[in-house]
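Next comes my_file_20.cif, with mmCIF, C-alpha atoms and all ligand atoms.
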data_upload
#
loop_
_atom_site.label_atom_id
_atom_site.label_comp_id
_atom_site.auth_asym_id
_atom_site.auth_seq_id
_atom_site.Cartn_x
_atom_site.Cartn_y
_atom_site.Cartn_z
CA MET A 82 -63.21 -26.53 111.27
CA LEU A 83 -64.81 -26.84 114.65
CA VAL A 84 -63.00 -25.65 117.75
CA VAL A 85 -63.73 -27.37 121.05
CA PHE A 86 -62.48 -25.85 124.31
CA ILE A 87 -62.03 -28.23 127.24
CA ILE A 88 -62.63 -26.46 130.54
CA GLY A 89 -63.01 -27.46 134.19
CA THR A 90 -61.66 -26.92 137.69
CA ALA A 91 -58.01 -27.76 138.45
CA GLY A 92 -57.23 -31.44 138.01
CA SER A 93 -60.68 -32.30 136.60
CA GLY A 94 -59.08 -34.24 133.74
CA LYS A 95 -58.94 -31.67 130.91
CA SER A 96 -55.56 -32.69 129.53
CA GLN A 97 -56.24 -36.44 129.69
CA LEU A 98 -59.59 -35.95 128.01
CA THR A 99 -57.97 -33.84 125.30
CA ALA A 100 -55.49 -36.67 124.71
CA ALA A 101 -58.06 -39.49 124.75
CA TYR A 102 -60.67 -37.72 122.64
CA GLY A 103 -58.01 -36.58 120.19
CA GLN A 104 -56.86 -40.17 119.77
CA LEU A 105 -60.39 -41.42 119.30
CA LEU A 106 -61.11 -38.82 116.62
CA GLY A 107 -57.81 -39.62 114.93
CA MET A 108 -58.80 -43.28 114.70
CA SER A 109 -61.98 -42.32 112.88
CA LYS A 110 -59.73 -40.69 110.25
CA GLN A 111 -60.57 -37.16 111.22
CA ASN A 112 -57.93 -34.54 110.90
CA VAL A 113 -57.50 -33.43 114.52
CA GLY A 114 -55.55 -30.45 115.78
CA VAL A 115 -54.59 -30.21 119.44
CA VAL A 116 -53.82 -26.89 121.11
CA ASN A 117 -52.35 -26.37 124.56
CA LEU A 118 -53.62 -23.08 125.95
CA ASP A 119 -52.23 -23.72 129.45
CA PRO A 120 -49.03 -21.71 129.98
CA GLY A 121 -48.49 -23.44 133.34
CA ALA A 122 -48.54 -27.03 132.01
CA SER A 123 -45.34 -28.92 132.71
CA LYS A 124 -46.03 -32.35 131.21
CA LEU A 125 -48.83 -33.06 128.79
CA PRO A 126 -50.31 -36.47 127.90
CA TYR A 127 -50.36 -35.49 124.18
CA SER A 128 -48.05 -33.63 121.85
CA PRO A 129 -49.73 -30.33 120.99
CA ASP A 130 -49.76 -29.04 117.42
CA VAL A 131 -49.93 -25.51 118.79
CA ASP A 132 -48.54 -24.70 122.22
CA VAL A 133 -48.83 -21.35 124.04
CA ARG A 134 -45.70 -22.24 125.99
CA ASP A 135 -43.82 -21.47 122.77
CA TYR A 136 -45.04 -17.89 123.15
CA VAL A 137 -45.04 -17.36 126.91
CA ASP A 138 -42.79 -18.92 129.51
CA VAL A 139 -44.15 -18.68 133.05
CA GLY A 140 -40.68 -19.00 134.62
CA THR A 141 -39.40 -16.04 132.61
CA VAL A 142 -42.53 -14.02 133.44
CA MET A 143 -41.91 -14.66 137.17
CA GLU A 144 -38.37 -13.38 136.87
CA ASP A 145 -39.03 -10.48 134.51
CA TYR A 146 -41.94 -9.09 136.48
CA GLY A 147 -40.91 -10.21 139.99
CA LEU A 148 -44.11 -12.24 140.39
CA GLY A 149 -45.07 -15.39 142.30
CA PRO A 150 -46.41 -18.44 140.40
CA ASN A 151 -50.05 -17.34 140.47
CA GLY A 152 -49.39 -13.72 139.57
CA ALA A 153 -47.19 -14.97 136.75
CA LEU A 154 -49.99 -17.17 135.41
CA VAL A 155 -52.35 -14.19 135.40
CA MET A 156 -49.76 -12.12 133.59
CA ALA A 157 -49.09 -15.01 131.19
CA SER A 158 -52.79 -15.10 130.23
CA ASP A 159 -52.64 -11.41 129.32
CA LEU A 160 -49.42 -11.95 127.35
CA ILE A 161 -51.08 -14.80 125.43
CA ALA A 162 -53.90 -12.43 124.53
CA ASP A 163 -51.26 -10.09 123.02
CA GLN A 164 -50.00 -12.94 120.81
CA ILE A 165 -53.43 -14.07 119.71
CA GLU A 166 -52.98 -13.23 116.02
CA LYS A 167 -49.92 -15.45 115.67
CA ILE A 168 -51.50 -18.31 117.62
CA SER A 169 -54.67 -18.00 115.61
CA HIS A 170 -52.67 -18.12 112.37
CA GLU A 171 -50.89 -21.27 113.54
CA ILE A 172 -54.25 -22.91 114.24
CA GLU A 173 -55.63 -21.95 110.83
CA GLU A 174 -52.59 -23.46 109.15
CA LEU A 175 -53.38 -26.82 110.74
CA ASN A 176 -56.39 -27.11 108.45
CA SER A 177 -58.02 -29.59 110.79
CA ASP A 178 -61.61 -30.81 110.78
CA ILE A 179 -61.73 -30.40 114.52
CA CYS A 180 -59.42 -28.62 116.91
CA LEU A 181 -59.28 -29.50 120.62
CA VAL A 182 -58.12 -26.75 122.95
CA ASP A 183 -56.88 -27.72 126.42
CA THR A 184 -57.30 -24.73 128.75
CA SER A 185 -55.55 -23.48 131.89
CA GLY A 186 -55.20 -25.64 134.99
CA GLN A 187 -56.68 -22.81 137.01
CA MET A 188 -60.05 -22.38 135.39
CA GLU A 189 -60.54 -18.82 136.64
CA LEU A 190 -57.61 -17.67 134.50
CA PHE A 191 -59.42 -18.63 131.35
CA ALA A 192 -63.01 -18.22 132.47
CA PHE A 193 -63.09 -15.19 134.71
CA ARG A 194 -60.43 -12.82 133.48
CA ALA A 195 -61.02 -10.55 130.50
CA SER A 196 -58.35 -12.34 128.46
CA GLY A 197 -60.18 -15.72 128.34
CA PRO A 198 -63.30 -14.76 126.35
CA TYR A 199 -61.11 -12.43 124.28
CA ILE A 200 -58.76 -15.28 123.42
CA ALA A 201 -61.68 -17.63 122.69
CA ASN A 202 -63.29 -15.08 120.38
CA GLU A 203 -60.16 -14.01 118.57
CA LEU A 204 -58.61 -17.46 118.26
CA THR A 205 -60.95 -18.40 115.47
CA LYS A 206 -64.14 -17.31 113.77
CA GLU A 207 -64.99 -20.96 113.13
CA PRO A 208 -67.86 -22.60 115.05
CA LYS A 209 -66.91 -23.18 118.66
CA ALA A 210 -68.10 -25.25 121.57
CA MET A 211 -67.21 -25.57 125.22
CA VAL A 212 -66.84 -28.88 127.05
CA TYR A 213 -67.17 -28.44 130.82
CA LEU A 214 -65.86 -31.21 133.08
CA PHE A 215 -67.41 -32.28 136.38
CA ASP A 216 -64.86 -34.39 138.26
CA SER A 217 -66.63 -37.62 139.30
CA VAL A 218 -65.07 -38.05 142.73
CA PHE A 219 -65.62 -34.39 143.59
CA SER A 220 -69.24 -34.54 142.40
CA VAL A 221 -70.37 -37.34 144.74
CA ASN A 222 -71.18 -34.80 147.44
CA PRO A 223 -74.30 -32.79 146.47
CA VAL A 224 -72.76 -29.59 147.92
CA ASN A 225 -69.83 -29.91 145.51
CA TYR A 226 -72.13 -30.84 142.66
CA VAL A 227 -74.32 -27.77 143.18
CA SER A 228 -71.28 -25.49 143.50
CA ASN A 229 -69.98 -26.87 140.22
CA LEU A 230 -73.39 -26.23 138.63
CA PHE A 231 -72.94 -22.58 139.50
CA LEU A 232 -69.44 -22.50 138.10
CA SER A 233 -70.59 -24.06 134.85
CA ALA A 234 -73.44 -21.56 134.63
CA ALA A 235 -70.92 -18.75 135.19
CA VAL A 236 -68.75 -20.12 132.37
CA TYR A 237 -71.78 -20.24 130.07
CA ASN A 238 -72.61 -16.68 131.02
CA ARG A 239 -69.04 -15.59 130.19
CA PHE A 240 -68.61 -17.33 126.86
CA SER A 241 -72.18 -17.75 125.52
CA MET A 242 -71.05 -20.77 123.53
CA PRO A 243 -72.77 -24.12 123.13
CA GLN A 244 -71.67 -26.05 126.20
CA VAL A 245 -71.48 -29.82 126.73
CA HIS A 246 -71.14 -31.21 130.24
CA LEU A 247 -69.17 -34.32 131.07
CA LEU A 248 -68.77 -36.33 134.25
CA SER A 249 -65.04 -37.02 133.94
CA LYS A 250 -63.03 -39.96 135.36
CA CYS A 251 -66.21 -42.04 135.72
CA ASP A 252 -64.04 -45.18 136.04
CA LEU A 253 -63.18 -44.02 139.57
CA LEU A 254 -66.73 -44.47 140.90
CA PRO A 255 -69.03 -47.49 141.16
CA LYS A 256 -71.65 -47.58 138.42
CA GLU A 257 -74.51 -46.75 140.82
CA GLU A 258 -72.78 -43.56 141.94
CA VAL A 259 -72.12 -42.51 138.35
CA ASN A 260 -75.76 -43.12 137.44
CA ARG A 261 -76.96 -41.24 140.46
CA ILE A 262 -74.96 -38.13 139.56
CA ALA A 263 -76.07 -38.37 135.92
CA ASP A 264 -79.67 -38.63 137.18
CA TRP A 265 -79.24 -35.42 139.16
CA SER A 266 -78.60 -33.57 135.93
CA ALA A 267 -81.62 -35.13 134.25
CA ASN A 268 -84.05 -34.79 137.11
CA THR A 269 -84.05 -31.93 139.63
CA ARG A 270 -86.35 -33.85 141.96
CA MET A 271 -83.69 -36.55 142.33
CA LEU A 272 -81.06 -33.94 143.14
CA GLU A 273 -83.36 -32.40 145.74
CA ASP A 274 -83.96 -35.82 147.30
CA SER A 275 -80.21 -36.40 147.61
CA ILE A 276 -79.74 -32.93 149.10
CA ASP A 277 -82.43 -33.71 151.68
CA GLN A 278 -80.90 -37.08 152.50
CA LYS A 279 -77.26 -36.10 152.66
CA LEU A 280 -77.24 -32.50 153.86
CA GLU A 281 -78.47 -30.70 156.94
CA GLY A 282 -79.15 -27.18 158.18
CA THR A 283 -77.83 -24.24 156.23
CA LYS A 284 -76.08 -26.39 153.64
CA ARG A 285 -79.33 -28.14 152.80
CA LEU A 286 -81.29 -24.90 152.59
CA LEU A 287 -78.66 -23.10 150.55
CA SER A 288 -78.12 -26.00 148.17
CA ARG A 289 -81.85 -26.34 147.59
CA ASN A 290 -82.19 -22.64 146.85
CA MET A 291 -79.19 -22.73 144.54
CA VAL A 292 -80.73 -25.58 142.57
CA HIS A 293 -84.00 -23.64 142.33
CA ALA A 294 -82.16 -20.57 141.08
CA ILE A 295 -80.47 -22.57 138.31
CA TYR A 296 -83.76 -24.26 137.49
CA LYS A 297 -85.60 -20.93 137.32
CA LEU A 298 -83.01 -19.54 134.94
CA GLY A 299 -83.73 -22.46 132.64
CA LEU A 300 -80.09 -23.51 132.83
CA ARG A 301 -80.29 -27.25 132.34
CA PHE A 302 -78.12 -29.93 130.80
CA MET A 303 -77.37 -33.63 130.80
CA LEU A 304 -74.11 -34.87 132.26
CA ILE A 305 -72.44 -37.51 130.11
CA PRO A 306 -70.19 -39.87 132.09
CA VAL A 307 -66.82 -40.41 130.40
CA SER A 308 -63.44 -41.88 131.24
CA ALA A 309 -60.24 -40.88 129.50
CA LYS A 310 -58.67 -43.98 130.99
CA THR A 311 -61.11 -46.66 129.78
CA ASN A 312 -62.71 -44.56 127.00
CA GLU A 313 -66.11 -45.37 128.45
CA GLY A 314 -68.74 -42.88 127.27
CA MET A 315 -66.46 -41.30 124.67
CA VAL A 316 -68.50 -42.50 121.70
CA ASN A 317 -71.62 -41.20 123.38
CA PHE A 318 -69.97 -37.83 124.00
CA ASN A 319 -68.78 -37.65 120.40
CA ALA A 320 -72.23 -38.46 119.04
CA PHE A 321 -73.78 -35.83 121.30
CA LEU A 322 -71.33 -33.16 120.18
CA GLU A 323 -71.80 -34.03 116.52
CA ARG A 324 -75.56 -34.15 116.67
CA ILE A 325 -75.97 -30.84 118.39
CA LEU A 326 -73.46 -29.06 116.21
CA ALA A 327 -75.03 -30.46 113.07
CA GLN A 328 -78.34 -29.03 114.21
CA GLY A 329 -76.63 -25.74 114.86
CA GLU A 330 -78.52 -25.19 118.03
CA LYS A 331 -77.42 -24.45 121.53
CA PHE A 332 -76.91 -27.71 123.29
CA THR A 333 -76.61 -26.45 126.75
CA TYR A 334 -79.27 -25.83 129.30
N1 LIG B 1 -58.82 -42.84 136.71
C1 LIG B 1 -58.79 -41.77 135.91
N2 LIG B 1 -57.91 -40.78 136.16
C2 LIG B 1 -57.89 -39.70 135.34
C3 LIG B 1 -58.78 -39.59 134.23
N3 LIG B 1 -58.54 -38.41 133.63
C4 LIG B 1 -57.53 -37.83 134.31
N4 LIG B 1 -57.15 -38.58 135.35
C5 LIG B 1 -56.10 -38.28 136.33
O1 LIG B 1 -56.45 -37.08 137.01
C6 LIG B 1 -55.31 -36.27 137.20
C7 LIG B 1 -55.53 -34.91 136.55
O2 LIG B 1 -55.70 -35.12 135.15
P1 LIG B 1 -55.36 -34.00 134.09
O3 LIG B 1 -55.82 -34.48 132.77
O4 LIG B 1 -53.96 -33.56 134.23
O5 LIG B 1 -56.32 -32.85 134.62
P2 LIG B 1 -56.32 -31.32 134.20
O6 LIG B 1 -57.70 -30.82 134.39
O7 LIG B 1 -55.70 -31.15 132.88
O8 LIG B 1 -55.35 -30.75 135.32
P3 LIG B 1 -54.71 -29.27 135.40
O9 LIG B 1 -54.43 -28.84 133.99
O10 LIG B 1 -53.48 -29.45 136.21
O11 LIG B 1 -55.76 -28.46 136.08
C8 LIG B 1 -54.12 -37.05 136.63
O12 LIG B 1 -53.50 -37.74 137.67
C9 LIG B 1 -54.78 -38.00 135.65
O13 LIG B 1 -54.04 -39.19 135.48
C10 LIG B 1 -59.71 -40.66 134.01
O14 LIG B 1 -60.54 -40.66 133.09
N5 LIG B 1 -59.66 -41.71 134.88
MG MG B 2 -54.17 -29.84 132.25
#
Spell out the structure here as structure tokens.
Amino acid sequence: MLVVFIIGTAGSGKSQLTAAYGQLLGMSKQNVGVVNLDPGASKLPYSPDVDVRDYVDVGTVMEDYGLGPNGALVMASDLIADQIEKISHEIEELNSDICLVDTSGQMELFAFRASGPYIANELTKEPKAMVYLFDSVFSVNPVNYVSNLFLSAAVYNRFSMPQVHLLSKCDLLPKEEVNRIADWSANTRMLEDSIDQKLEGTKRLLSRNMVHAIYKLGLRFMLIPVSAKTNEGMVNFNAFLERILAQGEKFTY
């Protein structure tokens, strides 16, 4: 079994991608398991085989501990970590070829608290990969794009797992914009040109230096445009994931 975590900033399309990719894999006769790891999810576009909401209820946590919604989500993440053995057992019982794990709406809950990497490690000893989403509309502005680069690098640093990068919701942008953003990931010079054209003053200087820092660290990747709505790019994404995993090498950066 291979376990694929879907991660990204709030609203970047994690749940829709989980649903669409799960469906696509199902059509190719693969045995797919889908796990919801987001305790705060209200409605999901798929029916999860394993659901952390069966273990932790955010509403109850708010009441029991006298917390607001965000504090309750933080607490919920820690409570999930306490239940990891049972959740892990449920996942094993699925006996799937591939298991898709939809993560918390608020990325920092999963990525930047101690419980996230703990959960990811303990959930399964099977091979794992991380799929990091760049929201298309958000990524049009080079400042946002560069900030997201840093976030994705921070996630890589936290989890040290093979990491694939997708440009999600690509149906929302004209083709030229999508290609331009994809080009930024392939060619730093192009990103620098856009920064010079679109940004001024401190933002330009800072963005340039941030790109250099990432470049110097050797943290590089290709963004694959995908849409969970039209399924554009999904086959490409699947092939990429398969190829890299088959080679058993790190496919990030
Ligand atoms: N046009 C378009 N809209 C999308 C796509 N994927 C997601 N959306 C929309 O973007 C919004 C957020 O999608 P979700 O899949 O819920 O995103 P998420 O990252 O799971 O969100 P949270 O878990 O709340 O952080 C919803 O309104 C979706 O309908 C896509 O590929 N194309
Ligand atoms: Mg979601």
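Considering the residues A:Ser196, A:Thr269, A:Ser123, A:Thr283 and counting only C-alpha atoms, Asp163 (chain A) has its shortest atom-to-atom contact with A:Ser196.
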Handout entry: Given only C-alpha atoms and all ligand atoms as the counted atoms, nearest of A:Leu304, A:Val182, A:Ala263, A:Met82 to ligand LIG 1 (chain B)
Key =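 Counting only C-alpha atoms and all ligand atoms, the residue closest to ligand LIG 1 (chain B) is A:Val182.
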Each residue of region 89-141 of chain A lying at most 12 Å from region 153-156 of chain A should get a row with its shortest atom-to-atom pair and the distance in Å to one decimal, counting all atoms listed in the file; could you produce that, ordered by chain and increasing number, as CSV?
residue,atom,partner,partner_atom,distance
A:Leu118,CA,A:Leu154,CA,11.7
A:Asp119,CA,A:Leu154,CA,9.1
A:Pro120,CA,A:Leu154,CA,7.1
A:Gly121,CA,A:Leu154,CA,6.8
A:Ala122,CA,A:Leu154,CA,10.5
A:Arg134,CA,A:Leu154,CA,11.5
A:Val137,CA,A:Met156,CA,9.7
A:Asp138,CA,A:Ala153,CA,9.3
A:Val139,CA,A:Ala153,CA,6.1
A:Gly140,CA,A:Ala153,CA,7.9
A:Thr141,CA,A:Ala153,CA,8.9
Print the selection's residues with C-alpha atoms to a file, as a JSON list (two decimals), in the coordinates of the input.
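This is the output file selection_27.json:
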[["chain", "number", "residue", "atom", "x", "y", "z"],
["A", 118, "LEU", "CA", -53.62, -23.08, 125.95],
["A", 119, "ASP", "CA", -52.23, -23.72, 129.45],
["A", 120, "PRO", "CA", -49.03, -21.71, 129.98],
["A", 121, "GLY", "CA", -48.49, -23.44, 133.34],
["A", 122, "ALA", "CA", -48.54, -27.03, 132.01],
["A", 134, "ARG", "CA", -45.70, -22.24, 125.99],
["A", 137, "VAL", "CA", -45.04, -17.36, 126.91],
["A", 138, "ASP", "CA", -42.79, -18.92, 129.51],
["A", 139, "VAL", "CA", -44.15, -18.68, 133.05],
["A", 140, "GLY", "CA", -40.68, -19.00, 134.62],
["A", 141, "THR", "CA", -39.40, -16.04, 132.61]]
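Contacts with ligand MG 2 (chain B) are defined as any residue atom within 8 Å of a ligand atom, using only C-alpha atoms and all ligand atoms; the residues meeting this criterion are A:Ala91, A:Gly92, A:Gly94, A:Lys95, A:Ser96, A:Gln97, A:Asp119, A:Ala122, A:Leu125, A:Asp183, A:Thr184, A:Ser185, A:Gly186.
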Exercise for the section: Would you work out the distance separating CA of Val245 (chain A) from CA of Cys180 (chain A), expressed in Å to one decimal? Expected result: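 Between CA of Val245 (chain A) and CA of Cys180 (chain A) the gap works out to 15.6 Å.
Going from CA of Lys256 (chain A) to atom O14 of ligand LIG 1 (chain B) covers 14.1 Å.
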Practice task
With a distance cut-off of 12 Å and all atoms listed in the file, select the neighbouring residues of region 101-110 of chain A, excluding the residue or stretch itself and same-chain residues fewer than 5 positions from it, and output the selection as JSON, numbers by chain.
Solution key: {"A": [85, 87, 94, 95, 96, 115, 116, 125, 126, 127, 128, 129, 130, 177, 178, 179, 180, 181, 182, 183, 212, 249, 250, 307, 308, 309, 310, 311, 312, 313, 314, 315, 316, 317, 318, 319, 320, 322, 323]}
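Comparing the minimum interatomic distances between Met271 (chain A) and each of A:Leu254, A:Ala235, A:Val292, A:Leu230, counting only C-alpha atoms, we find that A:Val292 sits nearest.
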Problem - Given only C-alpha atoms as the counted atoms, nearest of A:Leu204, A:Ile276, A:Leu326, A:Leu298 to Asn222 (chain A) - result: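 Checking each candidate against Asn222 (chain A), we get A:Ile276 as the closest.
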Problem - Protein, DNA and RNA residues within 6 Å of (-64.8, -24.8, 115.6), only C-alpha atoms, as a ChimeraX atom specification - result: /A:82-84,207-209
Practice task
Pick out the closest residue to ligand LIG 1 (chain B) from this set: A:Met211, A:Val113, A:Leu248, A:Val227. Count all atoms listed in the file.
Solution key: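 Of all the options, A:Leu248 lies closest to ligand LIG 1 (chain B).
Proximity ranking of A:Cys251, A:Val221, A:Met242, A:Val133 relative to ligand LIG 1 (chain B) places A:Cys251 first, based on all atoms listed in the file.
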Handout entry: Separation of CA of Leu98 (chain A) from CA of Leu300 (chain A), in Å and rounded to one decimal
Key =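 Atom-to-atom, CA of Leu98 (chain A) and CA of Leu300 (chain A) are spaced 24.5 Å apart.
Residue neighbourhood of Ala192 (chain A), excluding near-sequence residues (fewer than 4 positions): Met188, Gly197, Val236 and Arg239 of chain A, at 7 Å, using all atoms listed in the file.
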Please define a box with edges along x, y and z of the file around all atoms of region 273-285 of chain A given in the file, extend it by 3 Å on each side, and return its centre and edge lengths in Å to one decimal, as lines of an AutoDock Vina configuration file.
center_x = -80.0
center_y = -30.7
center_z = 152.0
size_x = 13.9
size_y = 18.8
size_z = 18.4
So which residues touch Ser169 (chain A) within 10 Å, counting only C-alpha atoms, skipping near sequence neighbours fewer than 3 positions away, as a compact mmCIF listing (two decimals) with C-alpha atoms, in the frame of the given file?
# COMPACT_ATOMS: atom_id res chain seq x y z
CA VAL A 131 -49.93 -25.51 118.79
CA GLN A 164 -50.00 -12.94 120.81
CA ILE A 165 -53.43 -14.07 119.71
CA GLU A 166 -52.98 -13.23 116.02
CA ILE A 172 -54.25 -22.91 114.24
CA GLU A 173 -55.63 -21.95 110.83
CA GLU A 174 -52.59 -23.46 109.15
CA ILE A 200 -58.76 -15.28 123.42
CA ALA A 201 -61.68 -17.63 122.69
CA GLU A 203 -60.16 -14.01 118.57
CA LEU A 204 -58.61 -17.46 118.26
CA THR A 205 -60.95 -18.40 115.47
CA LYS A 206 -64.14 -17.31 113.77
Which residues are close to Arg270 (chain A), i.e. within 12 Å by all atoms listed in the file, leaving aside same-chain residues fewer than 4 positions away? Reply as a PDB file with C-alpha atoms, in the coordinates of the input.
ATOM      1  CA  ASP A 264     -79.670 -38.630 137.180  1.00  0.00           C
ATOM      2  CA  TRP A 265     -79.240 -35.420 139.160  1.00  0.00           C
ATOM      3  CA  SER A 266     -78.600 -33.570 135.930  1.00  0.00           C
ATOM      4  CA  ASP A 274     -83.960 -35.820 147.300  1.00  0.00           C
ATOM      5  CA  SER A 275     -80.210 -36.400 147.610  1.00  0.00           C
ATOM      6  CA  ILE A 276     -79.740 -32.930 149.100  1.00  0.00           C
ATOM      7  CA  ASP A 277     -82.430 -33.710 151.680  1.00  0.00           C
ATOM      8  CA  ARG A 289     -81.850 -26.340 147.590  1.00  0.00           C
ATOM      9  CA  VAL A 292     -80.730 -25.580 142.570  1.00  0.00           C
ATOM     10  CA  HIS A 293     -84.000 -23.640 142.330  1.00  0.00           C
ATOM     11  CA  TYR A 296     -83.760 -24.260 137.490  1.00  0.00           C
TER      12      TYR A 296
END
